[in-house]
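**Q** I have a structure here, written as structure tokens, and I will follow up with some questions on it.
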Amino acid sequence: MQSRGRKNTAYMKNEGRTPGFTEGSFFVGRKMSNYDRKGRKKMETKVFLAGDTLLVSFGEELDHHQAGKIKGKIDREIMVNRVKNVVMDFSATKFMDSSGIGIVIGRYKLLRGVGGTVTIVHAGEQVKKVFELAGIYEYVRTADNIAGVLEKFAGRELAENS
């Protein structure tokens, strides 16, 4: 039987493969399998770190089956890397249930204590509808593209250090 340790964890150079990230940013964490044990398509979540900003890119479905793992993965990266801003990319997400709301609000509450923010980018129509019904937009920011958000956070960091 194969061990379930961190053996598959990848810490590799990004080298321009992800838009909005400069060379030298890292892919952090383990890419989740695309299929569950019954052969059904699963959620694929990727997490990228750029300075004190964490980009979370969700897969096609965001439901309660994967929410616990995703929350744990994001929270771990926030704590270990002292993240102040989380950018959640929903560009690939076609279906989301209420557990997606929990992921967003939970990270908002976690970051609010350290003066951080949560920003939602590329939300499709179905995802936007769920967020609007839940009133999420009262608490989190929205943006049209990832690069603009990252530039804004980088500019704010430079201003704070001056």
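Here, A, B, ... name the chains of the structure tokens in the order displayed, residue numbers run from 1 inside each chain, and ligands are numbered from 1 in the same displayed order.
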List the spatial neighbours of A:Lys109 as an MDAnalysis selection string - criterion: any atom at most 12 Å away, only C-alpha atoms, same-chain residues fewer than 5 positions off excluded.

**A** chainID A and resid 75 84:86 102:104 114:118 139:140

**Q** Could you pull out the helix (DSSP H, G or I) residues of stretch 24-142 of chain A, going by DSSP on the backbone, and write them as a compact mmCIF listing (two decimals) with N, CA, C and O atoms, in the first residue's frame?

**A**
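Output file states.txt follows:
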# COMPACT_ATOMS: atom_id res chain seq x y z
N HIS A 64 -19.77 20.49 -1.97
CA HIS A 64 -19.43 20.09 -0.61
C HIS A 64 -18.50 18.90 -0.54
O HIS A 64 -17.85 18.68 0.47
N HIS A 65 -18.37 18.13 -1.61
CA HIS A 65 -17.48 16.98 -1.60
C HIS A 65 -16.02 17.40 -1.49
O HIS A 65 -15.21 16.69 -0.90
N GLN A 66 -15.66 18.53 -2.06
CA GLN A 66 -14.27 18.98 -2.06
C GLN A 66 -14.02 20.17 -1.13
O GLN A 66 -12.88 20.53 -0.88
N ALA A 67 -15.07 20.80 -0.62
CA ALA A 67 -14.92 22.04 0.14
C ALA A 67 -14.00 21.92 1.34
O ALA A 67 -13.18 22.80 1.60
N GLY A 68 -14.09 20.84 2.09
CA GLY A 68 -13.25 20.68 3.28
C GLY A 68 -11.77 20.66 2.95
O GLY A 68 -10.96 21.32 3.60
N LYS A 69 -11.39 19.91 1.92
CA LYS A 69 -9.99 19.85 1.50
C LYS A 69 -9.51 21.20 1.01
O LYS A 69 -8.40 21.63 1.29
N ILE A 70 -10.36 21.87 0.24
CA ILE A 70 -9.98 23.16 -0.32
C ILE A 70 -9.79 24.19 0.78
O ILE A 70 -8.81 24.94 0.79
N LYS A 71 -10.72 24.24 1.73
CA LYS A 71 -10.60 25.17 2.86
C LYS A 71 -9.30 24.93 3.62
O LYS A 71 -8.57 25.87 3.94
N GLY A 72 -9.02 23.66 3.91
CA GLY A 72 -7.80 23.33 4.64
C GLY A 72 -6.55 23.75 3.89
O GLY A 72 -5.61 24.29 4.46
N LYS A 73 -6.55 23.51 2.59
CA LYS A 73 -5.40 23.85 1.75
C LYS A 73 -5.17 25.37 1.73
O LYS A 73 -4.05 25.85 1.91
N ILE A 74 -6.24 26.13 1.54
CA ILE A 74 -6.12 27.60 1.51
C ILE A 74 -5.69 28.12 2.87
O ILE A 74 -4.78 28.95 2.96
N ASP A 75 -6.34 27.66 3.93
CA ASP A 75 -6.00 28.14 5.28
C ASP A 75 -4.56 27.84 5.65
O ASP A 75 -3.88 28.66 6.26
N ARG A 76 -4.09 26.67 5.27
CA ARG A 76 -2.70 26.28 5.55
C ARG A 76 -1.73 27.25 4.86
O ARG A 76 -0.77 27.73 5.47
N GLU A 77 -2.00 27.57 3.60
CA GLU A 77 -1.13 28.50 2.87
C GLU A 77 -1.19 29.91 3.46
O GLU A 77 -0.18 30.60 3.52
N ILE A 78 -2.38 30.33 3.90
CA ILE A 78 -2.52 31.65 4.53
C ILE A 78 -1.67 31.73 5.79
O ILE A 78 -0.95 32.71 6.00
N MET A 79 -1.73 30.71 6.62
CA MET A 79 -1.00 30.72 7.88
C MET A 79 0.51 30.56 7.69
O MET A 79 1.29 31.30 8.27
N VAL A 80 0.91 29.62 6.86
CA VAL A 80 2.34 29.34 6.68
C VAL A 80 3.05 30.50 5.99
O VAL A 80 4.16 30.87 6.37
N ASN A 81 2.41 31.10 4.99
CA ASN A 81 3.06 32.15 4.20
C ASN A 81 2.65 33.57 4.57
O ASN A 81 3.01 34.51 3.89
N SER A 98 -23.68 25.95 -2.09
CA SER A 98 -23.48 26.83 -0.93
C SER A 98 -22.13 26.66 -0.26
O SER A 98 -21.66 27.56 0.44
N SER A 99 -21.47 25.53 -0.46
CA SER A 99 -20.15 25.36 0.15
C SER A 99 -19.13 26.34 -0.44
O SER A 99 -18.17 26.72 0.23
N GLY A 100 -19.35 26.78 -1.68
CA GLY A 100 -18.49 27.81 -2.28
C GLY A 100 -18.63 29.13 -1.53
O GLY A 100 -17.65 29.85 -1.33
N ILE A 101 -19.84 29.43 -1.10
CA ILE A 101 -20.08 30.64 -0.29
C ILE A 101 -19.31 30.52 1.01
O ILE A 101 -18.67 31.47 1.46
N GLY A 102 -19.34 29.34 1.61
CA GLY A 102 -18.61 29.11 2.86
C GLY A 102 -17.12 29.30 2.71
O GLY A 102 -16.46 29.85 3.59
N ILE A 103 -16.58 28.85 1.59
CA ILE A 103 -15.15 29.03 1.34
C ILE A 103 -14.80 30.52 1.27
O ILE A 103 -13.85 30.98 1.89
N VAL A 104 -15.60 31.29 0.54
CA VAL A 104 -15.33 32.72 0.38
C VAL A 104 -15.48 33.46 1.71
O VAL A 104 -14.59 34.21 2.12
N ILE A 105 -16.61 33.27 2.39
CA ILE A 105 -16.86 33.99 3.64
C ILE A 105 -15.87 33.58 4.73
O ILE A 105 -15.40 34.43 5.49
N GLY A 106 -15.53 32.31 4.79
CA GLY A 106 -14.56 31.86 5.79
C GLY A 106 -13.20 32.49 5.61
O GLY A 106 -12.56 32.91 6.57
N ARG A 107 -12.73 32.62 4.36
CA ARG A 107 -11.44 33.26 4.11
C ARG A 107 -11.54 34.76 4.36
O ARG A 107 -10.59 35.39 4.83
N TYR A 108 -12.70 35.36 4.08
CA TYR A 108 -12.91 36.78 4.38
C TYR A 108 -12.74 37.02 5.89
O TYR A 108 -12.03 37.94 6.30
N LYS A 109 -13.39 36.20 6.70
CA LYS A 109 -13.30 36.36 8.16
C LYS A 109 -11.88 36.16 8.66
O LYS A 109 -11.42 36.86 9.55
N LEU A 110 -11.19 35.19 8.09
CA LEU A 110 -9.82 34.91 8.48
C LEU A 110 -8.89 36.09 8.16
O LEU A 110 -8.07 36.48 8.99
N LEU A 111 -9.05 36.67 6.98
CA LEU A 111 -8.16 37.76 6.56
C LEU A 111 -8.56 39.12 7.13
O LEU A 111 -7.72 40.01 7.24
N ARG A 112 -9.82 39.28 7.47
CA ARG A 112 -10.29 40.56 8.03
C ARG A 112 -9.51 40.91 9.28
O ARG A 112 -9.18 42.08 9.51
N GLU A 125 -21.80 33.44 -14.97
CA GLU A 125 -23.17 33.85 -14.64
C GLU A 125 -23.77 33.05 -13.49
O GLU A 125 -24.39 33.62 -12.60
N GLN A 126 -23.60 31.73 -13.50
CA GLN A 126 -24.18 30.90 -12.44
C GLN A 126 -23.54 31.22 -11.09
O GLN A 126 -24.22 31.35 -10.08
N VAL A 127 -22.23 31.38 -11.09
CA VAL A 127 -21.50 31.69 -9.85
C VAL A 127 -21.89 33.08 -9.36
O VAL A 127 -22.13 33.28 -8.16
N LYS A 128 -21.99 34.05 -10.26
CA LYS A 128 -22.40 35.41 -9.87
C LYS A 128 -23.78 35.40 -9.23
O LYS A 128 -24.02 36.08 -8.24
N LYS A 129 -24.68 34.61 -9.80
CA LYS A 129 -26.04 34.54 -9.28
C LYS A 129 -26.04 34.01 -7.85
O LYS A 129 -26.72 34.54 -6.97
N VAL A 130 -25.26 32.97 -7.59
CA VAL A 130 -25.17 32.41 -6.24
C VAL A 130 -24.60 33.46 -5.27
O VAL A 130 -25.13 33.64 -4.17
N PHE A 131 -23.55 34.16 -5.68
CA PHE A 131 -22.96 35.19 -4.82
C PHE A 131 -23.92 36.35 -4.57
O PHE A 131 -24.00 36.87 -3.46
N GLU A 132 -24.66 36.77 -5.59
CA GLU A 132 -25.61 37.86 -5.43
C GLU A 132 -26.73 37.48 -4.46
O GLU A 132 -27.10 38.27 -3.59
N LEU A 133 -27.27 36.28 -4.60
CA LEU A 133 -28.33 35.82 -3.70
C LEU A 133 -27.85 35.73 -2.26
O LEU A 133 -28.62 35.96 -1.32
N ALA A 134 -26.59 35.38 -2.08
CA ALA A 134 -26.02 35.25 -0.73
C ALA A 134 -25.54 36.58 -0.16
O ALA A 134 -25.22 36.66 1.02
N ILE A 136 -22.73 38.15 -1.00
CA ILE A 136 -21.27 38.08 -0.86
C ILE A 136 -20.60 39.40 -1.24
O ILE A 136 -19.60 39.80 -0.66
N TYR A 137 -21.15 40.08 -2.24
CA TYR A 137 -20.50 41.28 -2.76
C TYR A 137 -20.46 42.43 -1.76
O TYR A 137 -19.77 43.42 -1.98
N GLU A 138 -21.16 42.31 -0.64
CA GLU A 138 -21.07 43.31 0.43
C GLU A 138 -19.74 43.18 1.18
O GLU A 138 -19.30 44.12 1.82

**Q** Could you jot down the atom CA of A:Thr45 to atom CA of A:Leu62 separation for me, Å, one decimal place?

**A**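 Computed distance, atom CA of A:Thr45 to atom CA of A:Leu62, equals 9.2 Å.
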
**Q** One decimal, in Å: what's the spacing between atom CA of A:Leu150 and atom CA of A:Asp52?

**A**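 Separation between atom CA of A:Leu150 and atom CA of A:Asp52: 10.1 Å.
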